[in-house]
>>> print(open('my_file-v4.tsv').read())   # TSV, C-alpha atoms
chain	number	residue	atom	x	y	z
A	238	MET	CA	-180.43	-150.36	11.94
A	239	ARG	CA	-183.85	-149.95	10.45
A	240	THR	CA	-185.04	-147.47	13.00
A	241	SER	CA	-182.02	-145.35	12.62
A	242	ASN	CA	-182.46	-145.55	8.89
A	243	LYS	CA	-186.05	-144.40	9.26
A	244	LYS	CA	-184.89	-141.62	11.50
A	245	TYR	CA	-182.40	-140.64	8.89
A	246	ASP	CA	-185.15	-140.75	6.28
A	247	ILE	CA	-187.39	-138.52	8.33
A	248	GLU	CA	-184.54	-136.17	8.98
A	249	HIS	CA	-183.73	-136.17	5.33
A	250	LEU	CA	-187.35	-135.55	4.45
A	251	ASN	CA	-187.52	-132.72	6.93
A	252	ARG	CA	-184.39	-131.20	5.58
A	253	SER	CA	-185.51	-131.44	1.97
A	254	LEU	CA	-188.91	-130.03	2.96
A	255	ILE	CA	-187.24	-127.08	4.65
A	256	LEU	CA	-184.94	-126.69	1.68
A	257	SER	CA	-187.80	-126.69	-0.80
A	258	LEU	CA	-189.68	-124.21	1.38
A	259	LEU	CA	-186.61	-122.00	1.51
A	260	LYS	CA	-186.23	-122.36	-2.23
A	261	LYS	CA	-189.82	-121.30	-2.76
A	262	LYS	CA	-189.36	-118.35	-0.46
A	263	PHE	CA	-186.16	-117.40	-2.23
A	264	MET	CA	-187.85	-117.69	-5.60
A	265	ARG	CA	-190.70	-115.53	-4.45
A	266	ILE	CA	-188.29	-112.91	-3.14
A	267	SER	CA	-186.22	-112.97	-6.31
A	268	LEU	CA	-189.39	-112.78	-8.41
A	269	ILE	CA	-190.48	-109.74	-6.45
A	270	THR	CA	-187.07	-108.12	-6.83
A	271	ILE	CA	-187.01	-108.88	-10.55
A	272	CYS	CA	-190.45	-107.34	-10.89
A	273	LEU	CA	-189.38	-104.29	-8.88
A	274	VAL	CA	-186.22	-103.82	-10.95
A	275	PHE	CA	-188.27	-104.21	-14.10
A	276	ILE	CA	-190.82	-101.62	-12.96
A	277	CYS	CA	-188.00	-99.26	-11.99
A	278	CYS	CA	-186.44	-99.69	-15.43
A	279	ILE	CA	-189.72	-98.94	-17.18
A	280	GLY	CA	-190.26	-95.94	-14.91
A	281	MET	CA	-186.82	-94.63	-15.71
A	282	ALA	CA	-187.20	-95.24	-19.42
A	283	THR	CA	-190.39	-93.21	-19.57
A	284	ALA	CA	-189.55	-90.54	-17.01
A	285	GLU	CA	-185.93	-89.99	-18.02
A	286	GLU	CA	-184.20	-89.65	-21.38
A	287	PRO	CA	-185.25	-86.15	-22.38
A	288	ARG	CA	-184.82	-85.64	-26.06
A	289	ALA	CA	-181.79	-83.84	-27.47
A	290	GLY	CA	-183.48	-82.73	-30.67
A	291	PHE	CA	-185.05	-83.97	-33.88
A	292	VAL	CA	-184.20	-84.70	-37.49
A	293	LYS	CA	-185.17	-81.80	-39.75
A	294	ASN	CA	-184.06	-83.11	-43.14
A	295	VAL	CA	-182.49	-86.22	-44.63
A	296	SER	CA	-181.06	-87.09	-48.01
A	297	GLY	CA	-179.50	-90.32	-49.29
A	298	GLN	CA	-178.00	-92.83	-46.85
A	299	ALA	CA	-178.50	-91.39	-43.38
A	300	PHE	CA	-178.88	-93.36	-40.17
A	301	ILE	CA	-179.22	-93.07	-36.40
A	302	GLU	CA	-177.45	-95.63	-34.23
A	303	ARG	CA	-178.95	-96.07	-30.75
A	304	ASN	CA	-177.95	-98.82	-28.30
A	305	LYS	CA	-176.03	-100.56	-31.10
A	306	VAL	CA	-179.10	-100.65	-33.36
A	307	THR	CA	-178.83	-98.68	-36.59
A	308	LEU	CA	-182.01	-97.44	-38.26
A	309	PRO	CA	-182.53	-95.20	-41.30
A	310	ALA	CA	-183.04	-91.60	-40.20
A	311	LYS	CA	-186.42	-90.02	-41.01
A	312	VAL	CA	-187.65	-86.44	-40.78
A	313	LYS	CA	-189.13	-85.76	-37.28
A	314	ASP	CA	-187.16	-88.63	-35.67
A	315	ARG	CA	-186.25	-87.88	-32.07
A	316	LEU	CA	-182.60	-87.60	-31.11
A	317	MET	CA	-181.30	-88.63	-27.69
A	318	GLU	CA	-178.05	-88.32	-25.81
A	319	ASN	CA	-175.55	-91.02	-26.99
A	320	ASP	CA	-177.15	-91.31	-30.42
A	321	ILE	CA	-174.73	-91.60	-33.33
A	322	LEU	CA	-175.52	-89.79	-36.59
A	323	ILE	CA	-174.17	-91.67	-39.59
A	324	THR	CA	-174.15	-90.95	-43.32
A	325	GLY	CA	-172.98	-93.07	-46.22
A	326	SER	CA	-171.20	-91.98	-49.38
A	327	SER	CA	-174.24	-90.09	-50.69
A	328	GLY	CA	-175.98	-88.98	-47.52
A	329	SER	CA	-176.55	-85.82	-45.55
A	330	MET	CA	-178.74	-84.85	-42.60
A	331	GLY	CA	-179.84	-81.67	-40.81
A	332	VAL	CA	-180.99	-81.63	-37.18
A	333	ILE	CA	-182.36	-79.08	-34.71
A	334	LEU	CA	-181.38	-79.48	-31.08
A	335	GLN	CA	-183.52	-78.57	-28.07
A	336	ASP	CA	-181.57	-75.38	-27.38
A	337	ASN	CA	-182.45	-74.17	-30.92
A	338	SER	CA	-178.94	-74.79	-32.22
A	339	VAL	CA	-178.78	-76.33	-35.70
A	340	MET	CA	-176.35	-78.92	-36.97
A	341	SER	CA	-175.86	-80.64	-40.31
A	342	ILE	CA	-173.56	-83.35	-41.59
A	343	GLY	CA	-172.29	-84.18	-45.07
A	344	SER	CA	-171.51	-87.60	-46.54
A	345	ASN	CA	-169.28	-90.28	-44.94
A	346	THR	CA	-169.75	-88.80	-41.50
A	347	ARG	CA	-169.96	-90.31	-38.05
A	348	LEU	CA	-170.91	-88.02	-35.15
A	349	VAL	CA	-171.68	-89.04	-31.57
A	350	ILE	CA	-173.94	-86.86	-29.41
A	351	SER	CA	-171.92	-87.82	-26.34
A	352	LYS	CA	-173.61	-85.34	-24.01
A	353	PHE	CA	-176.70	-83.21	-24.28
A	354	VAL	CA	-178.20	-81.55	-21.21
A	355	PHE	CA	-180.53	-78.59	-21.61
A	356	GLU	CA	-182.15	-77.67	-18.28
A	357	PRO	CA	-181.90	-73.87	-18.07
A	358	ALA	CA	-183.93	-73.73	-14.82
A	359	ASP	CA	-181.25	-75.82	-13.07
A	360	GLU	CA	-178.39	-74.19	-15.01
A	361	LYS	CA	-177.51	-77.58	-16.48
A	362	LEU	CA	-176.34	-76.70	-19.99
A	363	SER	CA	-173.94	-78.83	-21.96
A	364	PHE	CA	-173.49	-80.25	-25.44
A	365	ILE	CA	-170.51	-82.39	-26.38
A	366	ALA	CA	-170.20	-84.01	-29.81
A	367	GLN	CA	-167.49	-86.35	-31.06
A	368	ILE	CA	-166.74	-86.28	-34.76
A	369	LYS	CA	-165.12	-89.54	-35.79
A	370	LYS	CA	-164.99	-88.59	-39.48
A	371	GLY	CA	-166.72	-86.45	-42.08
A	372	THR	CA	-168.01	-82.87	-42.31
A	373	VAL	CA	-170.16	-80.99	-39.82
A	374	VAL	CA	-171.64	-77.47	-39.77
A	375	TYR	CA	-172.98	-76.09	-36.49
A	376	LEU	CA	-174.73	-72.87	-35.46
A	377	THR	CA	-174.89	-72.38	-31.71
A	378	GLY	CA	-178.09	-71.89	-29.73
A	379	LEU	CA	-179.02	-71.22	-26.12
A	380	ILE	CA	-176.51	-73.56	-24.46
A	381	ALA	CA	-173.53	-71.61	-25.84
A	382	LYS	CA	-175.26	-68.32	-25.02
A	383	LEU	CA	-175.97	-69.22	-21.38
A	384	ASN	CA	-172.84	-71.27	-20.62
A	385	HIS	CA	-169.65	-70.05	-22.31
A	386	SER	CA	-167.86	-73.38	-21.87
A	387	GLY	CA	-170.99	-75.44	-22.52
A	388	VAL	CA	-170.42	-76.52	-26.13
A	389	ARG	CA	-167.50	-78.64	-27.27
A	390	PHE	CA	-166.73	-80.59	-30.43
A	391	GLU	CA	-164.09	-83.29	-30.10
A	392	THR	CA	-162.19	-84.90	-32.98
A	393	PRO	CA	-159.30	-87.37	-32.94
A	394	ALA	CA	-156.87	-84.45	-33.40
A	395	ALA	CA	-158.38	-81.46	-31.60
A	396	THR	CA	-161.07	-80.03	-29.35
A	397	CYS	CA	-163.14	-77.02	-30.40
A	398	GLY	CA	-164.51	-74.79	-27.69
A	399	ILE	CA	-167.30	-72.59	-28.99
A	400	ARG	CA	-168.47	-69.21	-27.77
A	401	GLY	CA	-171.53	-68.38	-29.82
A	402	THR	CA	-170.75	-68.84	-33.47
A	403	HIS	CA	-171.17	-70.64	-36.74
A	404	PHE	CA	-168.50	-72.98	-37.97
A	405	ALA	CA	-167.55	-75.98	-40.09
A	406	ILE	CA	-165.35	-78.95	-39.19
A	407	LYS	CA	-163.85	-81.58	-41.46
A	408	VAL	CA	-162.26	-84.74	-40.06
A	409	GLU	CA	-160.43	-86.92	-42.52
A	410	ASP	CA	-161.42	-90.56	-42.39
A	411	PRO	CA	-158.60	-92.44	-40.63
A	412	GLY	CA	-159.43	-95.36	-42.94
A	413	ASN	CA	-158.32	-93.40	-46.01
B	1172	MET	CA	-166.51	-117.18	-21.08
B	1173	LYS	CA	-166.82	-116.08	-24.68
B	1174	HIS	CA	-167.68	-112.61	-23.42
B	1175	LYS	CA	-164.53	-112.51	-21.29
B	1176	LEU	CA	-162.37	-113.57	-24.20
B	1177	HIS	CA	-164.01	-110.90	-26.31
B	1178	LEU	CA	-163.28	-108.33	-23.64
B	1179	ARG	CA	-159.66	-109.40	-23.41
B	1180	ILE	CA	-159.24	-109.16	-27.18
B	1181	GLN	CA	-160.77	-105.69	-27.06
B	1182	LYS	CA	-158.36	-104.76	-24.28
B	1183	ILE	CA	-155.39	-105.76	-26.41
B	1184	ILE	CA	-156.62	-104.53	-29.77
B	1185	LEU	CA	-157.90	-101.11	-28.73
B	1186	PRO	CA	-154.57	-99.75	-27.47
B	1187	LEU	CA	-152.87	-101.27	-30.52
B	1188	VAL	CA	-155.25	-99.48	-32.86
B	1189	LEU	CA	-154.77	-96.23	-30.95
B	1190	LEU	CA	-150.99	-96.64	-31.12
B	1191	VAL	CA	-151.08	-97.27	-34.87
B	1192	LEU	CA	-153.31	-94.21	-35.32
B	1193	LEU	CA	-150.96	-92.04	-33.27
B	1194	MET	CA	-147.90	-93.29	-35.17
B	1195	SER	CA	-149.44	-92.75	-38.57
B	1196	GLY	CA	-149.64	-89.05	-37.67
B	1197	CYS	CA	-151.97	-87.71	-40.35
B	1198	ALA	CA	-154.56	-90.27	-39.26
B	1199	SER	CA	-157.51	-87.92	-39.16
B	1200	THR	CA	-156.49	-84.34	-39.76
B	1201	THR	CA	-159.07	-81.92	-38.44
B	1202	GLN	CA	-159.85	-78.71	-40.30
B	1203	VAL	CA	-161.97	-76.06	-38.58
B	1204	VAL	CA	-163.40	-73.01	-40.37
B	1205	LEU	CA	-165.17	-70.11	-38.70
B	1206	LEU	CA	-168.28	-69.06	-40.67
B	1207	PRO	CA	-170.16	-65.78	-40.31
B	1208	ASP	CA	-173.50	-66.08	-38.45
B	1209	PRO	CA	-176.64	-65.76	-40.59
B	1210	ASP	CA	-176.96	-62.15	-39.36
B	1211	GLY	CA	-173.38	-61.38	-40.44
B	1212	LYS	CA	-171.81	-61.35	-36.97
B	1213	VAL	CA	-168.68	-63.43	-36.37
B	1214	GLY	CA	-168.12	-65.38	-33.16
B	1215	ILE	CA	-165.04	-66.83	-31.49
B	1216	LEU	CA	-163.78	-70.37	-31.69
B	1217	GLU	CA	-160.91	-72.01	-29.82
B	1218	VAL	CA	-159.24	-75.01	-31.40
B	1219	SER	CA	-156.94	-76.82	-29.02
B	1220	ASN	CA	-155.10	-80.05	-28.39
B	1221	VAL	CA	-152.46	-81.15	-25.90
B	1222	LYS	CA	-149.80	-79.05	-27.67
B	1223	GLY	CA	-151.58	-75.71	-27.90
B	1224	THR	CA	-154.55	-73.53	-28.82
B	1225	GLN	CA	-155.46	-71.38	-31.84
B	1226	THR	CA	-158.22	-68.81	-31.68
B	1227	LEU	CA	-160.37	-68.05	-34.72
B	1228	ASN	CA	-162.24	-64.74	-34.73
B	1229	GLN	CA	-162.58	-63.71	-38.41
B	1230	ALA	CA	-164.96	-65.01	-41.04
B	1231	TRP	CA	-163.58	-67.83	-43.23
B	1232	GLN	CA	-160.55	-68.18	-40.98
B	1233	THR	CA	-159.23	-71.72	-40.63
B	1234	THR	CA	-156.77	-73.84	-38.68
B	1235	GLU	CA	-155.73	-77.47	-39.08
B	1236	SER	CA	-154.66	-80.02	-36.53
B	1237	ALA	CA	-152.91	-83.14	-37.79
B	1238	SER	CA	-153.00	-84.98	-34.49
B	1239	MET	CA	-153.40	-84.42	-30.75
B	1240	ASP	CA	-149.64	-84.08	-30.26
B	1241	ARG	CA	-148.95	-81.45	-32.92
B	1242	THR	CA	-149.82	-77.77	-32.46
B	1243	PRO	CA	-152.79	-76.60	-34.59
B	1244	SER	CA	-151.57	-74.58	-37.61
B	1245	GLU	CA	-151.41	-70.75	-37.72
B	1246	PRO	CA	-154.88	-69.43	-38.62
B	1247	LYS	CA	-155.29	-68.22	-42.20
B	1248	ILE	CA	-158.22	-66.86	-44.17
B	1249	LEU	CA	-159.70	-68.99	-46.94
B	1250	GLU	CA	-161.70	-67.90	-49.96
B	1251	GLU	CA	-165.44	-68.11	-49.21
B	1252	LYS	CA	-166.01	-70.01	-52.46
B	1253	LYS	CA	-163.54	-72.73	-51.46
B	1254	VAL	CA	-165.13	-73.21	-48.06
B	1255	ARG	CA	-168.60	-73.42	-49.64
B	1256	GLN	CA	-167.26	-76.05	-52.02
B	1257	ALA	CA	-165.52	-78.13	-49.34
B	1258	PHE	CA	-168.58	-78.12	-47.06
B	1259	ARG	CA	-171.26	-78.03	-49.77
B	1260	GLU	CA	-173.23	-81.09	-48.59
B	1261	ALA	CA	-173.36	-80.08	-44.93
B	1262	LEU	CA	-174.16	-76.44	-45.79
B	1263	GLU	CA	-177.00	-77.52	-48.10
B	1264	ALA	CA	-178.43	-79.72	-45.34
B	1265	GLU	CA	-178.20	-76.97	-42.72
B	1266	PRO	CA	-181.69	-76.23	-41.35
B	1267	ILE	CA	-182.89	-72.62	-41.13
B	1268	PRO	CA	-182.44	-71.64	-37.46
B	1269	PRO	CA	-185.64	-71.59	-35.38
B	1270	ALA	CA	-187.49	-68.27	-35.20
B	1271	SER	CA	-189.30	-66.79	-32.18
B	1272	PHE	CA	-192.11	-64.25	-32.09
B	1273	ILE	CA	-193.87	-62.43	-29.25
B	1274	ILE	CA	-197.49	-61.32	-29.50
B	1275	TYR	CA	-198.67	-58.86	-26.82
B	1276	PHE	CA	-202.15	-58.54	-25.30
B	1277	ARG	CA	-204.13	-55.84	-23.51
B	1278	THR	CA	-204.84	-56.40	-19.85
B	1279	ASP	CA	-207.26	-59.27	-19.19
B	1280	ARG	CA	-207.81	-59.79	-22.94
B	1281	SER	CA	-207.20	-62.75	-25.19
B	1282	ALA	CA	-208.27	-61.09	-28.45
B	1283	LEU	CA	-205.54	-60.12	-30.90
B	1284	SER	CA	-205.01	-56.53	-32.00
B	1285	THR	CA	-204.70	-55.63	-35.70
B	1286	ASP	CA	-200.91	-55.30	-35.28
B	1287	SER	CA	-200.71	-58.78	-33.80
B	1288	ARG	CA	-202.62	-60.22	-36.75
B	1289	THR	CA	-200.03	-58.66	-39.05
B	1290	LEU	CA	-197.26	-60.30	-37.00
B	1291	LEU	CA	-199.00	-63.67	-37.42
B	1292	THR	CA	-198.51	-63.33	-41.18
B	1293	LYS	CA	-194.76	-63.31	-40.46
B	1294	VAL	CA	-195.20	-66.39	-38.27
B	1295	ILE	CA	-196.91	-68.18	-41.15
B	1296	ASP	CA	-194.10	-67.14	-43.51
B	1297	ALA	CA	-191.57	-68.59	-41.04
B	1298	ILE	CA	-193.55	-71.85	-40.81
B	1299	GLN	CA	-193.71	-72.19	-44.58
B	1300	ALA	CA	-190.03	-71.30	-45.15
B	1301	ARG	CA	-189.02	-74.05	-42.71
B	1302	LYS	CA	-191.75	-76.54	-43.68
B	1303	SER	CA	-192.10	-76.56	-39.91
B	1304	THR	CA	-193.76	-79.49	-38.14
B	1305	ASP	CA	-192.75	-78.20	-34.72
B	1306	ILE	CA	-194.53	-75.01	-33.64
B	1307	ILE	CA	-194.58	-74.20	-29.92
B	1308	ILE	CA	-197.13	-71.66	-28.63
B	1309	SER	CA	-196.88	-70.61	-24.98
B	1310	GLY	CA	-199.32	-68.26	-23.23
B	1311	HIS	CA	-198.39	-65.89	-20.37
B	1312	THR	CA	-199.94	-63.17	-18.19
B	1313	ASP	CA	-198.62	-60.40	-15.96
B	1314	ALA	CA	-198.72	-60.65	-12.16
B	1315	VAL	CA	-202.14	-59.01	-11.67
B	1316	GLY	CA	-204.86	-61.41	-10.51
B	1317	PRO	CA	-205.16	-64.86	-8.90
B	1318	ILE	CA	-202.99	-67.78	-10.07
B	1319	ASP	CA	-205.87	-69.93	-11.36
B	1320	TYR	CA	-207.46	-67.10	-13.27
B	1321	ASN	CA	-204.16	-66.22	-14.92
B	1322	ARG	CA	-203.52	-69.82	-15.90
B	1323	ARG	CA	-206.85	-69.92	-17.72
B	1324	LEU	CA	-206.24	-66.50	-19.28
B	1325	SER	CA	-202.79	-67.57	-20.54
B	1326	LEU	CA	-204.34	-70.71	-22.06
B	1327	ARG	CA	-207.05	-68.63	-23.78
B	1328	ARG	CA	-204.36	-66.36	-25.25
B	1329	ALA	CA	-202.29	-69.29	-26.53
B	1330	LYS	CA	-205.39	-70.99	-28.00
B	1331	ALA	CA	-206.46	-67.74	-29.70
B	1332	VAL	CA	-203.11	-67.64	-31.53
B	1333	ALA	CA	-203.25	-71.36	-32.38
B	1334	ASP	CA	-206.80	-71.04	-33.73
B	1335	ILE	CA	-205.82	-68.21	-36.08
B	1336	LEU	CA	-202.86	-70.21	-37.41
B	1337	VAL	CA	-205.11	-73.24	-37.98
B	1338	ALA	CA	-207.72	-71.03	-39.67
B	1339	ARG	CA	-204.97	-69.84	-42.00
B	1340	GLY	CA	-204.11	-73.38	-43.02
B	1341	ILE	CA	-201.50	-74.62	-40.50
B	1342	ASP	CA	-201.94	-78.26	-39.44
B	1343	ARG	CA	-203.00	-78.39	-35.78
B	1344	GLN	CA	-201.00	-81.59	-35.32
B	1345	ASN	CA	-197.82	-79.59	-35.75
B	1346	ILE	CA	-198.72	-77.17	-32.94
B	1347	GLN	CA	-197.99	-77.65	-29.24
B	1348	VAL	CA	-199.86	-75.30	-26.90
B	1349	THR	CA	-198.52	-74.65	-23.39
B	1350	TYR	CA	-199.60	-72.11	-20.78
B	1351	HIS	CA	-197.75	-70.66	-17.82
B	1352	GLY	CA	-200.08	-68.14	-16.18
B	1353	LYS	CA	-197.94	-65.59	-14.37
B	1354	GLY	CA	-195.25	-68.21	-13.62
B	1355	ASN	CA	-192.82	-67.37	-16.42
B	1356	PRO	CA	-192.55	-63.58	-16.82
B	1357	LEU	CA	-190.32	-61.95	-19.41
B	1358	VAL	CA	-189.79	-59.05	-17.00
B	1359	PRO	CA	-189.93	-60.24	-13.38
B	1360	THR	CA	-192.16	-58.04	-11.16
B	1361	PRO	CA	-193.58	-58.26	-7.63
B	1362	ASP	CA	-197.00	-59.93	-7.45
B	1363	GLY	CA	-199.89	-57.64	-8.39
B	1364	VAL	CA	-197.82	-55.31	-10.60
B	1365	PRO	CA	-199.20	-54.76	-14.13
B	1366	GLU	CA	-196.51	-55.25	-16.83
B	1367	PRO	CA	-197.55	-55.09	-20.51
B	1368	ARG	CA	-194.40	-56.95	-21.64
B	1369	ASN	CA	-195.50	-60.03	-19.65
B	1370	ARG	CA	-198.99	-60.18	-21.20
B	1371	ARG	CA	-197.91	-62.19	-24.16
B	1372	VAL	CA	-197.89	-65.34	-26.29
B	1373	GLU	CA	-194.54	-66.65	-27.49
B	1374	VAL	CA	-194.38	-68.62	-30.72
B	1375	THR	CA	-191.31	-70.68	-31.64
B	1376	VAL	CA	-191.12	-72.08	-35.15
B	1377	ARG	CA	-188.59	-74.89	-35.66
>>> encode(input="my_file-v4.tsv", output="structure tokens")
Amino acid sequence: MRTSNKKYDIEHLNRSLILSLLKKKFMRISLITICLVFICCIGMATAEEPRAGFVKNVSGQAFIERNKVTLPAKVKDRLMENDILITGSSGSMGVILQDNSVMSIGSNTRLVISKFVFEPADEKLSFIAQIKKGTVVYLTGLIAKLNHSGVRFETPAATCGIRGTHFAIKVEDPGN
Amino acid sequence: MKHKLHLRIQKIILPLVLLVLLMSGCASTTQVVLLPDPDGKVGILEVSNVKGTQTLNQAWQTTESASMDRTPSEPKILEEKKVRQAFREALEAEPIPPASFIIYFRTDRSALSTDSRTLLTKVIDAIQARKSTDIIISGHTDAVGPIDYNRRLSLRRAKAVADILVARGIDRQNIQVTYHGKGNPLVPTPDGVPEPRNRRVEVTVR
């Protein structure tokens, strides 16, 4: 009885020892992978995300929403793909995009830069904006010049395809 | 768990909201107006939805789309004054478009000619008109000479232009200098061919 119990104990000890060793190994591996993933993320964050443009002027309530964080817009702020330009009831904002196109928004506006790719060397040229509400004025730049179907403005009721021009869009607030 | 519930609620509510928006019809009427370019030219704009397309090709021409499933209205021309009124805020906030300048150099030189110095006065005017904090100066050479030599020459040319701007009161912090050697010609030529149009500095004022 006793001996077998002891045997069992030893076996148990062995097993738990192996288990704890395995656990340690696993933890080390997962730590390494976590570190690797982390490093990759940092690498991507710094190497990728080319800027789409910058804020040229701001008046009143004007904001940039990025990754669900909304901050007041300031002159010289960088703009990135997926940024949302927002103005309140007394705000307006003018921006210059990397392809030298210029865009401005009036009050009560919400505009998403849903795509901005400007890599002329690789012929990757595209700008897509979604206007949820408000007023927008846009003057095309190099993307529209080099790629005739490269610029598109989408609203809840229509899509505007642009071939080198200057135009204004108003989208009524669905809340009104 | 909470996240899942949240997702499920989103899954139910989103289509509902979309349905309500579609049914209300005039949910977010879109008005598009074609404006003349700053140089007076007029471009082309296509406004489309699932039901059809309207093409705008005259200044102050407009079309309206009430929803994705109703054809955009026949284009008509608006009074300029009314458009300026309706889009006043956005038009007032519209930045002056960026301006580009090219300054040419004699072969193997980085000193500016008298004509080039006159052109730099226009560059400074453009910087001041835009209150520009984003001035890009890029130096280039033609295809005569070794790569390394041309890289240094293109940098000297770009720096010469930057130095004059700084001497005339432009903040150096607002200037970015880049140099390309013979790698980015305006007029592509075989290696070793002299081309005055490639011996240049480009200045972009934004």
>>> residues_near_point(input="my_file-v4.tsv", point="(-172.2, -96.3, -46.0)", cutoff="12 Å", atoms="all atoms listed in the file", output="MDAnalysis selection string")
chainID A and resid 297:300 307 309 322:329 344:347 371
>>> closest_residue(input="my_file-v4.tsv", among="A:Ala381, A:Ile321, A:Val388, A:Ile368", to="B:Gln1202", atoms="all atoms listed in the file")
A:Ile368
>>> closest_residue(input="my_file-v4.tsv", among="B:Thr1349, B:Gln1256, B:Thr1278, B:Thr1304", to="chain A", atoms="all atoms listed in the file")
B:Thr1304
>>> closest_atom_pairs(input="my_file-v4.tsv", of="stretch 326-384 of chain A", to="stretch 1216-1238 of chain B", cutoff="12 Å", atoms="all atoms listed in the file", output="tab-separated table")
residue	atom	partner	partner_atom	distance
A:Tyr375	CA	B:Leu1216	CA	11.8
A:Leu376	CA	B:Leu1216	CA	11.8
A:Thr377	CA	B:Leu1216	CA	11.3
A:Ala381	CA	B:Leu1216	CA	11.4
>>> write_last_selection(input="my_file-v4.tsv", atoms="C-alpha atoms", output="tab-separated table (two decimals), keeping the file's coordinate frame")
chain	number	residue	atom	x	y	z
A	375	TYR	CA	-172.98	-76.09	-36.49
A	376	LEU	CA	-174.73	-72.87	-35.46
A	377	THR	CA	-174.89	-72.38	-31.71
A	381	ALA	CA	-173.53	-71.61	-25.84
>>> closest_residue(input="my_file-v4.tsv", among="B:Pro1268, B:Ser1281, B:Leu1290, B:Ile1346", to="B:Asp1210", atoms="all atoms listed in the file")
B:Pro1268
>>> closest_atom_pairs(input="my_file-v4.tsv", of="chain A", to="chain B", cutoff="6 Å", atoms="all atoms listed in the file", output="CSV")
residue,atom,partner,partner_atom,distance
A:Met330,CA,B:Ala1264,CA,5.8
A:Gly331,CA,B:Ala1264,CA,5.1
A:Ser341,CA,B:Glu1265,CA,5.0
A:Ile342,CA,B:Ala1261,CA,4.7
A:Gly343,CA,B:Ala1261,CA,4.2
A:Ala394,CA,B:Ser1238,CA,4.1
A:Ala395,CA,B:Asn1220,CA,4.8
A:Thr396,CA,B:Ser1219,CA,5.2
A:Cys397,CA,B:Val1218,CA,4.5
A:Gly398,CA,B:Glu1217,CA,5.0
A:Ile399,CA,B:Leu1216,CA,5.0
A:Arg400,CA,B:Ile1215,CA,5.6
A:Gly401,CA,B:Gly1214,CA,5.6
A:Thr402,CA,B:Gly1214,CA,4.4
A:His403,CA,B:Leu1206,CA,5.1
A:Phe404,CA,B:Leu1205,CA,4.5
A:Ala405,CA,B:Val1204,CA,5.1
A:Ile406,CA,B:Val1203,CA,4.5
A:Lys407,CA,B:Gln1202,CA,5.1
A:Val408,CA,B:Thr1201,CA,4.6
A:Glu409,CA,B:Ser1199,CA,4.6
A:Asp410,CA,B:Ser1199,CA,5.7
A:Pro411,CA,B:Ala1198,CA,4.8
>>> closest_residue(input="my_file-v4.tsv", among="B:Ser1284, B:Thr1289, B:Thr1312, B:Asn1369", to="B:Gly1352", atoms="only C-alpha atoms")
B:Thr1312
>>> closest_residue(input="my_file-v4.tsv", among="B:Gly1310, B:Gly1211, B:Pro1246, B:Gly1340", to="B:Ile1298", atoms="all atoms listed in the file")
B:Gly1340
>>> residues_around(input="my_file-v4.tsv", residues="A:Ile380", least_positions_apart="5", cutoff="12 Å", atoms="all atoms listed in the file", output="VMD selection string")
chain A and resid 289 334 to 339 353 to 357 360 to 365 385 to 389 399 to 402
>>> atom_distance(input="my_file-v4.tsv", atom1="atom CA of A:Gly290", atom2="atom CA of B:Pro1356")
25.3 Å
>>> atom_distance(input="my_file-v4.tsv", atom1="atom CA of B:Asp1334", atom2="atom CA of B:Tyr1320")
20.8 Å
>>> atom_distance(input="my_file-v4.tsv", atom1="atom CA of B:Ile1273", atom2="atom CA of B:Thr1292")
12.8 Å
>>> decode(input="my_file-v4.tsv", residues="stretch 1355-1363 of chain B", atoms="N, CA and C atoms", output="PDB file, in the first residue's frame")
ATOM      1  N   ASN B1355      16.247  61.440 -61.479  1.00  0.00           N
ATOM      2  CA  ASN B1355      14.846  61.833 -61.652  1.00  0.00           C
ATOM      3  C   ASN B1355      14.725  62.927 -62.718  1.00  0.00           C
ATOM      4  N   PRO B1356      15.085  62.589 -63.973  1.00  0.00           N
ATOM      5  CA  PRO B1356      15.125  63.636 -65.008  1.00  0.00           C
ATOM      6  C   PRO B1356      13.725  64.094 -65.420  1.00  0.00           C
ATOM      7  N   LEU B1357      13.639  65.360 -65.818  1.00  0.00           N
ATOM      8  CA  LEU B1357      12.384  65.885 -66.348  1.00  0.00           C
ATOM      9  C   LEU B1357      12.202  65.363 -67.777  1.00  0.00           C
ATOM     10  N   VAL B1358      13.350  65.333 -68.497  1.00  0.00           N
ATOM     11  CA  VAL B1358      13.359  64.823 -69.875  1.00  0.00           C
ATOM     12  C   VAL B1358      14.317  63.627 -69.888  1.00  0.00           C
ATOM     13  N   PRO B1359      13.799  62.401 -69.957  1.00  0.00           N
ATOM     14  CA  PRO B1359      14.690  61.244 -69.899  1.00  0.00           C
ATOM     15  C   PRO B1359      15.664  61.226 -71.092  1.00  0.00           C
ATOM     16  N   THR B1360      16.946  60.958 -70.804  1.00  0.00           N
ATOM     17  CA  THR B1360      17.959  60.873 -71.874  1.00  0.00           C
ATOM     18  C   THR B1360      18.839  59.657 -71.591  1.00  0.00           C
ATOM     19  N   PRO B1361      19.578  59.183 -72.620  1.00  0.00           N
ATOM     20  CA  PRO B1361      20.585  58.142 -72.338  1.00  0.00           C
ATOM     21  C   PRO B1361      21.683  58.730 -71.450  1.00  0.00           C
ATOM     22  N   ASP B1362      22.403  57.854 -70.735  1.00  0.00           N
ATOM     23  CA  ASP B1362      23.448  58.320 -69.837  1.00  0.00           C
ATOM     24  C   ASP B1362      24.525  59.063 -70.638  1.00  0.00           C
ATOM     25  N   GLY B1363      25.010  60.168 -70.043  1.00  0.00           N
ATOM     26  CA  GLY B1363      26.096  60.912 -70.687  1.00  0.00           C
ATOM     27  C   GLY B1363      25.623  62.036 -71.602  1.00  0.00           C
TER      28      GLY B1363
END
